[in-house]
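Below is upload_32.txt, holding compact mmCIF, C-alpha atoms and all ligand atoms.
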# COMPACT_ATOMS: atom_id res chain seq x y z
CA MET A 1376 -54.81 -1.68 -49.08
CA VAL A 1377 -55.08 -4.29 -46.37
CA THR A 1378 -52.87 -7.24 -47.15
CA PRO A 1379 -53.37 -10.45 -45.21
CA LEU A 1380 -50.01 -12.20 -45.01
CA SER A 1381 -51.26 -15.41 -43.55
CA ASN A 1382 -53.74 -18.08 -44.49
CA PRO A 1383 -57.05 -17.86 -42.67
CA PRO A 1384 -56.61 -19.90 -39.50
CA PRO A 1385 -57.92 -23.42 -39.86
CA GLN A 1386 -61.38 -23.73 -38.29
CA GLY A 1387 -61.30 -20.10 -37.15
CA GLY A 1388 -58.08 -20.43 -35.22
CA ARG A 1389 -56.88 -22.51 -32.33
CA GLU A 1390 -57.52 -22.72 -28.67
CA ARG A 1391 -55.54 -20.38 -26.45
CA GLY A 1392 -56.51 -20.42 -22.84
CA CYS A 1393 -60.18 -19.57 -23.39
CA ALA A 1394 -62.32 -20.77 -20.52
CA SER A 1395 -65.30 -20.79 -22.86
CA GLY A 1396 -63.52 -23.20 -25.16
CA GLU A 1397 -63.66 -20.66 -27.98
CA THR A 1398 -60.78 -20.56 -30.40
CA MET A 1399 -58.48 -17.55 -30.53
CA THR A 1400 -55.75 -16.52 -32.93
CA PHE A 1401 -53.26 -13.81 -32.00
CA ARG A 1402 -54.07 -11.15 -34.61
CA ALA A 1403 -51.40 -8.68 -35.67
CA THR A 1404 -52.24 -5.70 -37.87
CA VAL A 1405 -49.26 -3.57 -38.85
CA LEU A 1406 -49.63 -0.07 -40.27
CA THR A 1407 -46.58 0.97 -42.21
CA ILE A 1408 -45.34 2.77 -45.30
CA PHE A 1409 -43.15 -0.28 -45.96
CA PRO A 1410 -45.54 -3.25 -45.99
CA ASP A 1411 -42.96 -5.34 -47.84
CA MET A 1412 -40.92 -5.49 -44.63
CA PHE A 1413 -43.53 -7.95 -43.26
CA PRO A 1414 -43.56 -10.75 -42.31
CA GLY A 1415 -39.80 -10.54 -43.00
CA ALA A 1416 -37.91 -12.67 -40.52
CA LEU A 1417 -41.20 -13.71 -38.94
CA GLY A 1418 -42.07 -15.69 -42.06
CA MET A 1419 -39.28 -18.12 -41.22
CA SER A 1420 -38.46 -20.62 -38.57
CA LEU A 1421 -40.94 -21.31 -35.76
CA ALA A 1422 -42.80 -18.01 -36.15
CA GLY A 1423 -43.26 -18.71 -39.88
CA LYS A 1424 -44.57 -22.21 -39.19
CA ALA A 1425 -46.94 -20.85 -36.56
CA LEU A 1426 -48.15 -18.22 -39.05
CA ALA A 1427 -48.87 -20.87 -41.65
CA ALA A 1428 -50.62 -22.99 -39.02
CA GLY A 1429 -52.91 -20.14 -37.95
CA VAL A 1430 -51.48 -19.77 -34.44
CA TRP A 1431 -51.19 -16.08 -35.27
CA SER A 1432 -52.29 -13.97 -38.23
CA LEU A 1433 -50.75 -10.94 -39.85
CA GLU A 1434 -52.14 -8.23 -42.08
CA THR A 1435 -50.46 -5.05 -43.18
CA ILE A 1436 -52.11 -1.74 -43.90
CA ASP A 1437 -50.21 0.54 -46.25
CA ILE A 1438 -50.46 4.00 -44.71
CA ARG A 1439 -49.75 5.53 -48.11
CA ASP A 1440 -53.11 4.28 -49.36
CA PHE A 1441 -54.62 6.91 -47.04
CA GLY A 1442 -52.19 9.64 -48.08
CA ILE A 1443 -53.23 12.95 -49.58
CA GLY A 1444 -53.17 13.95 -53.25
CA ILE A 1445 -51.51 12.31 -56.20
CA HIS A 1446 -48.31 11.92 -54.21
CA ARG A 1447 -50.18 10.19 -51.38
CA GLN A 1448 -48.57 12.50 -48.88
CA VAL A 1449 -48.36 11.05 -45.36
CA ASP A 1450 -46.18 13.67 -43.66
CA ASP A 1451 -45.78 17.43 -43.41
CA THR A 1452 -43.47 20.04 -41.90
CA PRO A 1453 -43.55 20.45 -38.11
CA ALA A 1454 -45.70 23.20 -36.63
CA GLY A 1455 -43.34 25.67 -34.95
CA GLY A 1456 -40.55 24.87 -37.37
CA GLY A 1457 -37.53 22.66 -37.01
CA PRO A 1458 -36.01 19.77 -38.89
CA GLY A 1459 -37.68 16.69 -40.33
CA MET A 1460 -41.25 15.82 -41.10
CA VAL A 1461 -44.20 14.76 -38.97
CA MET A 1462 -46.65 11.97 -39.86
CA LYS A 1463 -50.08 13.49 -40.41
CA ALA A 1464 -52.85 12.89 -37.86
CA ASP A 1465 -55.66 12.79 -40.44
CA VAL A 1466 -53.88 10.25 -42.64
CA LEU A 1467 -52.95 8.01 -39.71
CA ALA A 1468 -56.45 8.20 -38.21
CA ARG A 1469 -57.97 7.02 -41.49
CA ALA A 1470 -55.46 4.19 -41.73
CA ILE A 1471 -56.12 3.10 -38.13
CA ASP A 1472 -59.90 3.31 -38.57
CA SER A 1473 -59.71 1.15 -41.67
CA ALA A 1474 -58.65 -1.73 -39.44
CA GLY A 1475 -62.06 -1.63 -37.72
CA ALA A 1476 -62.81 -1.39 -34.04
CA ASP A 1477 -61.85 -4.19 -31.68
CA ASP A 1478 -60.36 -4.66 -28.23
CA ARG A 1479 -56.74 -5.13 -29.29
CA PRO A 1480 -54.16 -2.76 -27.84
CA ARG A 1481 -52.93 -0.16 -30.32
CA LEU A 1482 -49.19 0.26 -30.15
CA LEU A 1483 -47.09 3.02 -31.65
CA MET A 1484 -43.44 2.05 -32.04
CA SER A 1485 -41.41 5.04 -30.94
CA PRO A 1486 -38.06 5.66 -29.22
CA ARG A 1487 -39.85 7.88 -26.73
CA GLY A 1488 -42.26 5.11 -25.70
CA ARG A 1489 -42.29 3.13 -22.49
CA PRO A 1490 -39.51 0.50 -22.71
CA LEU A 1491 -40.81 -2.95 -23.64
CA THR A 1492 -40.51 -5.51 -20.85
CA GLN A 1493 -41.02 -9.25 -20.70
CA GLN A 1494 -43.98 -8.55 -18.44
CA ARG A 1495 -45.69 -6.44 -21.12
CA VAL A 1496 -44.84 -9.08 -23.74
CA ILE A 1497 -46.51 -11.76 -21.59
CA GLU A 1498 -49.62 -9.57 -21.28
CA LEU A 1499 -49.75 -8.90 -25.02
CA ALA A 1500 -49.21 -12.57 -25.90
CA GLY A 1501 -52.08 -13.53 -23.60
CA GLY A 1502 -54.47 -11.15 -25.36
CA PRO A 1503 -56.22 -11.04 -28.72
CA GLY A 1504 -53.26 -9.53 -30.61
CA ALA A 1505 -52.19 -5.99 -31.42
CA LEU A 1506 -52.48 -3.23 -33.94
CA ILE A 1507 -49.02 -1.78 -34.43
CA LEU A 1508 -48.34 1.58 -36.02
CA CYS A 1509 -44.80 2.03 -37.29
CA GLY A 1510 -43.62 5.59 -36.93
CA ARG A 1511 -41.24 7.18 -39.43
CA PHE A 1512 -39.62 10.56 -39.92
CA GLU A 1513 -39.34 12.96 -36.99
CA GLY A 1514 -42.46 11.65 -35.27
CA VAL A 1515 -46.22 11.38 -35.27
CA ASP A 1516 -48.72 14.23 -34.74
CA GLU A 1517 -49.52 14.10 -31.02
CA ARG A 1518 -53.25 14.49 -31.62
CA VAL A 1519 -53.67 11.10 -33.29
CA ILE A 1520 -51.79 9.45 -30.41
CA GLU A 1521 -54.37 10.91 -28.03
CA ALA A 1522 -57.41 10.52 -30.25
CA ARG A 1523 -56.80 6.84 -31.06
CA GLY A 1524 -55.41 5.85 -27.65
CA LEU A 1525 -52.02 4.73 -28.92
CA GLU A 1526 -49.60 3.14 -26.44
CA GLU A 1527 -46.09 4.27 -27.29
CA VAL A 1528 -43.57 1.45 -27.00
CA SER A 1529 -39.79 1.61 -27.29
CA ILE A 1530 -37.53 -1.40 -27.76
CA GLY A 1531 -34.49 0.36 -26.32
CA ASP A 1532 -32.62 3.58 -25.83
CA TYR A 1533 -31.39 4.03 -29.38
CA VAL A 1534 -33.00 5.42 -32.49
CA LEU A 1535 -33.93 3.22 -35.45
CA SER A 1536 -34.80 4.65 -38.85
CA GLY A 1537 -38.42 3.62 -38.34
CA GLY A 1538 -40.74 1.50 -36.25
CA GLU A 1539 -40.88 -1.51 -38.59
CA ILE A 1540 -37.95 -3.42 -37.12
CA ALA A 1541 -39.20 -2.56 -33.63
CA ALA A 1542 -42.62 -3.98 -34.57
CA LEU A 1543 -40.98 -7.21 -35.73
CA VAL A 1544 -39.19 -7.38 -32.37
CA VAL A 1545 -42.44 -6.97 -30.41
CA LEU A 1546 -44.20 -9.58 -32.52
CA ASP A 1547 -41.34 -12.06 -32.27
CA ALA A 1548 -41.27 -11.73 -28.48
CA CYS A 1549 -45.04 -12.37 -28.34
CA ILE A 1550 -45.27 -15.17 -30.89
CA ARG A 1551 -42.68 -17.36 -29.21
CA LEU A 1552 -44.89 -17.35 -26.11
CA LEU A 1553 -48.03 -18.52 -27.90
CA PRO A 1554 -48.98 -22.05 -26.91
CA GLY A 1555 -47.44 -24.65 -29.17
CA VAL A 1556 -44.88 -22.36 -30.80
CA MET A 1557 -41.84 -23.31 -28.74
CA GLY A 1558 -43.04 -25.99 -26.37
CA LYS A 1559 -41.91 -26.24 -22.79
CA ALA A 1560 -38.36 -25.05 -23.45
CA VAL A 1561 -39.43 -21.45 -23.14
CA SER A 1562 -41.03 -21.50 -19.73
CA ALA A 1563 -37.99 -21.66 -17.43
CA GLN A 1564 -36.26 -18.89 -19.33
CA GLU A 1565 -39.33 -16.67 -19.34
CA GLU A 1566 -39.89 -17.25 -15.68
CA SER A 1567 -36.33 -16.30 -14.92
CA PHE A 1568 -36.50 -13.02 -16.86
CA ALA A 1569 -39.95 -12.21 -15.59
CA GLN A 1570 -38.59 -12.73 -12.09
CA GLY A 1571 -35.88 -10.17 -12.70
CA LEU A 1572 -32.90 -12.49 -13.18
CA LEU A 1573 -30.65 -13.00 -16.17
CA GLU A 1574 -30.06 -16.57 -17.25
CA TYR A 1575 -27.29 -18.68 -15.74
CA PRO A 1576 -24.45 -19.87 -18.05
CA HIS A 1577 -25.07 -22.92 -20.25
CA TYR A 1578 -22.69 -25.70 -21.27
CA THR A 1579 -22.84 -28.84 -23.38
CA ARG A 1580 -20.39 -31.40 -24.77
CA PRO A 1581 -17.47 -31.59 -25.29
CA GLN A 1582 -16.46 -31.85 -21.66
CA VAL A 1583 -13.32 -29.77 -22.38
CA PHE A 1584 -13.23 -27.05 -25.04
CA GLU A 1585 -9.89 -25.34 -25.76
CA GLY A 1586 -8.72 -26.19 -22.25
CA ARG A 1587 -11.94 -24.96 -20.55
CA ALA A 1588 -13.85 -27.63 -18.66
CA ILE A 1589 -17.56 -27.65 -17.84
CA PRO A 1590 -17.95 -26.63 -14.15
CA GLU A 1591 -17.68 -29.86 -12.16
CA ILE A 1592 -20.91 -29.32 -10.25
CA LEU A 1593 -22.94 -29.59 -13.48
CA THR A 1594 -21.72 -33.12 -14.10
CA SER A 1595 -21.98 -34.20 -10.44
CA GLY A 1596 -25.50 -35.56 -10.83
CA ASP A 1597 -26.58 -33.70 -7.69
CA HIS A 1598 -29.69 -31.86 -8.89
CA ALA A 1599 -30.08 -29.73 -5.78
CA LYS A 1600 -26.48 -28.51 -6.03
CA VAL A 1601 -26.91 -27.82 -9.76
CA ALA A 1602 -30.05 -25.77 -9.06
CA ALA A 1603 -28.31 -23.81 -6.27
CA TRP A 1604 -25.28 -23.13 -8.49
CA ARG A 1605 -27.49 -21.93 -11.34
CA ARG A 1606 -29.42 -19.61 -9.05
CA SER A 1607 -26.26 -18.08 -7.60
CA GLU A 1608 -24.72 -17.65 -11.08
CA ALA A 1609 -27.94 -16.00 -12.29
CA GLU A 1610 -27.79 -13.63 -9.32
CA ARG A 1611 -24.10 -12.86 -9.91
CA LEU A 1612 -24.63 -12.09 -13.62
CA THR A 1613 -27.66 -9.95 -12.84
CA ARG A 1614 -25.73 -7.97 -10.22
CA GLU A 1615 -22.78 -7.48 -12.60
CA ARG A 1616 -24.65 -6.69 -15.81
CA ARG A 1617 -28.05 -5.41 -14.81
CA PRO A 1618 -27.96 -3.89 -11.34
CA ASP A 1619 -31.15 -2.06 -12.33
CA LEU A 1620 -33.11 -5.34 -12.30
CA LYS A 1621 -34.60 -6.07 -8.92
CA THR A 1622 -33.39 -9.52 -7.91
CA PRO A 1623 -36.14 -11.34 -6.06
CA GLU A 1624 -35.69 -13.09 -2.74
CA PRO A 1625 -35.43 -16.86 -3.28
CA ASP A 1626 -38.90 -18.38 -3.01
CA PRO A 1627 -38.85 -20.63 0.05
CA ALA A 1628 -41.66 -22.73 -1.43
CA SER A 1629 -39.87 -23.36 -4.71
CA ARG A 1630 -39.01 -26.92 -5.69
CA GLU A 1631 -35.34 -25.99 -5.80
CA ASN A 1632 -35.41 -24.75 -2.22
CA ARG A 1633 -37.52 -27.61 -0.96
CA SER A 1634 -35.06 -30.10 -2.41
CA ARG A 1635 -32.22 -28.25 -0.71
CA LYS A 1636 -33.84 -28.80 2.67
CA ARG A 1637 -32.36 -31.49 4.83
CA PRO A 1638 -34.80 -33.97 6.41
CA SER A 1639 -33.81 -32.56 9.81
CA ASP A 1640 -35.14 -29.13 8.68
CA GLY A 1641 -38.65 -30.56 9.10
N1 LIG B 1 -38.48 3.78 -33.78
C1 LIG B 1 -37.25 4.31 -33.84
N2 LIG B 1 -36.51 3.93 -32.80
C2 LIG B 1 -37.29 3.12 -32.04
C3 LIG B 1 -37.09 2.43 -30.83
N3 LIG B 1 -35.93 2.47 -30.17
N4 LIG B 1 -38.10 1.70 -30.34
C4 LIG B 1 -39.28 1.65 -30.99
N5 LIG B 1 -39.52 2.29 -32.14
C5 LIG B 1 -38.54 3.01 -32.66
Show this structure as structure tokens.
Amino acid sequence: MVTPLSNPPPQGGRERGCASGETMTFRATVLTIFPDMFPGALGMSLAGKALAAGVWSLETIDIRDFGIGIHRQVDDTPAGGGPGMVMKADVLARAIDSAGADDRPRLLMSPRGRPLTQQRVIELAGGPGALILCGRFEGVDERVIEARGLEEVSIGDYVLSGGEIAALVVLDACIRLLPGVMGKAVSAQEESFAQGLLEYPHYTRPQVFEGRAIPEILTSGDHAKVAAWRRSEAERLTRERRPDLKTPEPDPASRENRSRKRPSDG
């Protein structure tokens, strides 16, 4: 059964960067044996409001509806032996096909997938949506991955009990980028991660907390110095915590760098 978990978007959706002026809603279709896990946390807060407003839509497809026999069997023992069960290619193919054909990427949540990056999230959020298959058990029959062009995506080097929570993670990361969901607040942070830097430390009142003062430079009122301090802190944290991230060279054309220039620099 296909269960739409959102109201139809008002007036067919909302505008999202379409040159033609057409309206576009980010459409998520989740295939799972646990449809009740959706929208879950995404029904609350900003994502929930955006769902109700038609910024994005969500439907679930219960894989078990395509299962075999009276027990609606969706898995079977692995060819070649070994532990666990494998999700059946024929069952999954029928479930996927029931969603209809469109140009959305088809993701398979799996710990052996390519690690999710902010760059991939930005690409997904800029597109028409995604069909997301939540794996369970030992894995998914390789043939349906090939036959339906599934893109395997991992949310980290650890193993969850299934792909549902990973699917919620992917959707959350995309939805917060949709226009109007979070406003401008998101852009600086996204830019910083997309550029390969972790965020600089943040502070707010009180001025002194348990004997720890806000770094003086942040209350100096000198915007160029604040920007330079933030950049160097971001670089330091990135070096310390994520040496695998490639820290970019400072952009000489950036506003921050231009404002650091002295008039004598020309
Ligand atoms: N399913 C189980 N573990 C997972 C992971 N780390 N990422 C995506 N899907 C998963």
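Across A:Lys1463, A:Arg1481, A:Arg1489, A:Arg1469, the tightest approach to ligand LIG 1 (chain B) is made by A:Arg1489 when counting only C-alpha atoms and all ligand atoms.
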So which residues are near ligand LIG 1 (chain B), meaning at most 10 Å away with all atoms listed in the file counted, given back as a PDB file with C-alpha atoms, keeping the file's coordinate frame?
ATOM      1  CA  LEU A1483     -47.090   3.020 -31.650  1.00  0.00           C
ATOM      2  CA  MET A1484     -43.440   2.050 -32.040  1.00  0.00           C
ATOM      3  CA  SER A1485     -41.410   5.040 -30.940  1.00  0.00           C
ATOM      4  CA  PRO A1486     -38.060   5.660 -29.220  1.00  0.00           C
ATOM      5  CA  ARG A1487     -39.850   7.880 -26.730  1.00  0.00           C
ATOM      6  CA  GLY A1488     -42.260   5.110 -25.700  1.00  0.00           C
ATOM      7  CA  ARG A1489     -42.290   3.130 -22.490  1.00  0.00           C
ATOM      8  CA  PRO A1490     -39.510   0.500 -22.710  1.00  0.00           C
ATOM      9  CA  LEU A1491     -40.810  -2.950 -23.640  1.00  0.00           C
ATOM     10  CA  LEU A1508     -48.340   1.580 -36.020  1.00  0.00           C
ATOM     11  CA  CYS A1509     -44.800   2.030 -37.290  1.00  0.00           C
ATOM     12  CA  GLY A1510     -43.620   5.590 -36.930  1.00  0.00           C
ATOM     13  CA  ARG A1511     -41.240   7.180 -39.430  1.00  0.00           C
ATOM     14  CA  PHE A1512     -39.620  10.560 -39.920  1.00  0.00           C
ATOM     15  CA  GLU A1513     -39.340  12.960 -36.990  1.00  0.00           C
ATOM     16  CA  GLY A1514     -42.460  11.650 -35.270  1.00  0.00           C
ATOM     17  CA  GLU A1527     -46.090   4.270 -27.290  1.00  0.00           C
ATOM     18  CA  VAL A1528     -43.570   1.450 -27.000  1.00  0.00           C
ATOM     19  CA  SER A1529     -39.790   1.610 -27.290  1.00  0.00           C
ATOM     20  CA  ILE A1530     -37.530  -1.400 -27.760  1.00  0.00           C
ATOM     21  CA  GLY A1531     -34.490   0.360 -26.320  1.00  0.00           C
ATOM     22  CA  ASP A1532     -32.620   3.580 -25.830  1.00  0.00           C
ATOM     23  CA  TYR A1533     -31.390   4.030 -29.380  1.00  0.00           C
ATOM     24  CA  VAL A1534     -33.000   5.420 -32.490  1.00  0.00           C
ATOM     25  CA  LEU A1535     -33.930   3.220 -35.450  1.00  0.00           C
ATOM     26  CA  SER A1536     -34.800   4.650 -38.850  1.00  0.00           C
ATOM     27  CA  GLY A1537     -38.420   3.620 -38.340  1.00  0.00           C
ATOM     28  CA  GLY A1538     -40.740   1.500 -36.250  1.00  0.00           C
ATOM     29  CA  GLU A1539     -40.880  -1.510 -38.590  1.00  0.00           C
ATOM     30  CA  ILE A1540     -37.950  -3.420 -37.120  1.00  0.00           C
ATOM     31  CA  ALA A1541     -39.200  -2.560 -33.630  1.00  0.00           C
ATOM     32  CA  ALA A1542     -42.620  -3.980 -34.570  1.00  0.00           C
ATOM     33  CA  VAL A1544     -39.190  -7.380 -32.370  1.00  0.00           C
ATOM     34  CA  VAL A1545     -42.440  -6.970 -30.410  1.00  0.00           C
TER      35      VAL A1545
END
Spatial neighbours of stretch 1433-1449 of chain A, max dist 9 Å, all atoms listed in the file, sep filter under 4 positions, as number ranges by chain: A: 1376-1381, 1401-1411, 1413-1414, 1426, 1461-1467, 1469-1471, 1473-1474
Write a file of the just-selected residues containing C-alpha atoms, as a PDB file, in the frame of the given file.
ATOM      1  CA  MET A1376     -54.810  -1.680 -49.080  1.00  0.00           C
ATOM      2  CA  VAL A1377     -55.080  -4.290 -46.370  1.00  0.00           C
ATOM      3  CA  THR A1378     -52.870  -7.240 -47.150  1.00  0.00           C
ATOM      4  CA  PRO A1379     -53.370 -10.450 -45.210  1.00  0.00           C
ATOM      5  CA  LEU A1380     -50.010 -12.200 -45.010  1.00  0.00           C
ATOM      6  CA  SER A1381     -51.260 -15.410 -43.550  1.00  0.00           C
ATOM      7  CA  PHE A1401     -53.260 -13.810 -32.000  1.00  0.00           C
ATOM      8  CA  ARG A1402     -54.070 -11.150 -34.610  1.00  0.00           C
ATOM      9  CA  ALA A1403     -51.400  -8.680 -35.670  1.00  0.00           C
ATOM     10  CA  THR A1404     -52.240  -5.700 -37.870  1.00  0.00           C
ATOM     11  CA  VAL A1405     -49.260  -3.570 -38.850  1.00  0.00           C
ATOM     12  CA  LEU A1406     -49.630  -0.070 -40.270  1.00  0.00           C
ATOM     13  CA  THR A1407     -46.580   0.970 -42.210  1.00  0.00           C
ATOM     14  CA  ILE A1408     -45.340   2.770 -45.300  1.00  0.00           C
ATOM     15  CA  PHE A1409     -43.150  -0.280 -45.960  1.00  0.00           C
ATOM     16  CA  PRO A1410     -45.540  -3.250 -45.990  1.00  0.00           C
ATOM     17  CA  ASP A1411     -42.960  -5.340 -47.840  1.00  0.00           C
ATOM     18  CA  PHE A1413     -43.530  -7.950 -43.260  1.00  0.00           C
ATOM     19  CA  PRO A1414     -43.560 -10.750 -42.310  1.00  0.00           C
ATOM     20  CA  LEU A1426     -48.150 -18.220 -39.050  1.00  0.00           C
ATOM     21  CA  VAL A1461     -44.200  14.760 -38.970  1.00  0.00           C
ATOM     22  CA  MET A1462     -46.650  11.970 -39.860  1.00  0.00           C
ATOM     23  CA  LYS A1463     -50.080  13.490 -40.410  1.00  0.00           C
ATOM     24  CA  ALA A1464     -52.850  12.890 -37.860  1.00  0.00           C
ATOM     25  CA  ASP A1465     -55.660  12.790 -40.440  1.00  0.00           C
ATOM     26  CA  VAL A1466     -53.880  10.250 -42.640  1.00  0.00           C
ATOM     27  CA  LEU A1467     -52.950   8.010 -39.710  1.00  0.00           C
ATOM     28  CA  ARG A1469     -57.970   7.020 -41.490  1.00  0.00           C
ATOM     29  CA  ALA A1470     -55.460   4.190 -41.730  1.00  0.00           C
ATOM     30  CA  ILE A1471     -56.120   3.100 -38.130  1.00  0.00           C
ATOM     31  CA  SER A1473     -59.710   1.150 -41.670  1.00  0.00           C
ATOM     32  CA  ALA A1474     -58.650  -1.730 -39.440  1.00  0.00           C
TER      33      ALA A1474
END
Residue contacts of A:Arg1479 (7 Å, all atoms listed in the file) excluding same-chain residues fewer than 2 positions away, as a VMD selection string: chain A and resid 1477 1481 1503 to 1506
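Between atom CA of A:Leu1421 and atom CA of A:Gln1494 the interatomic distance comes to 21.7 Å.
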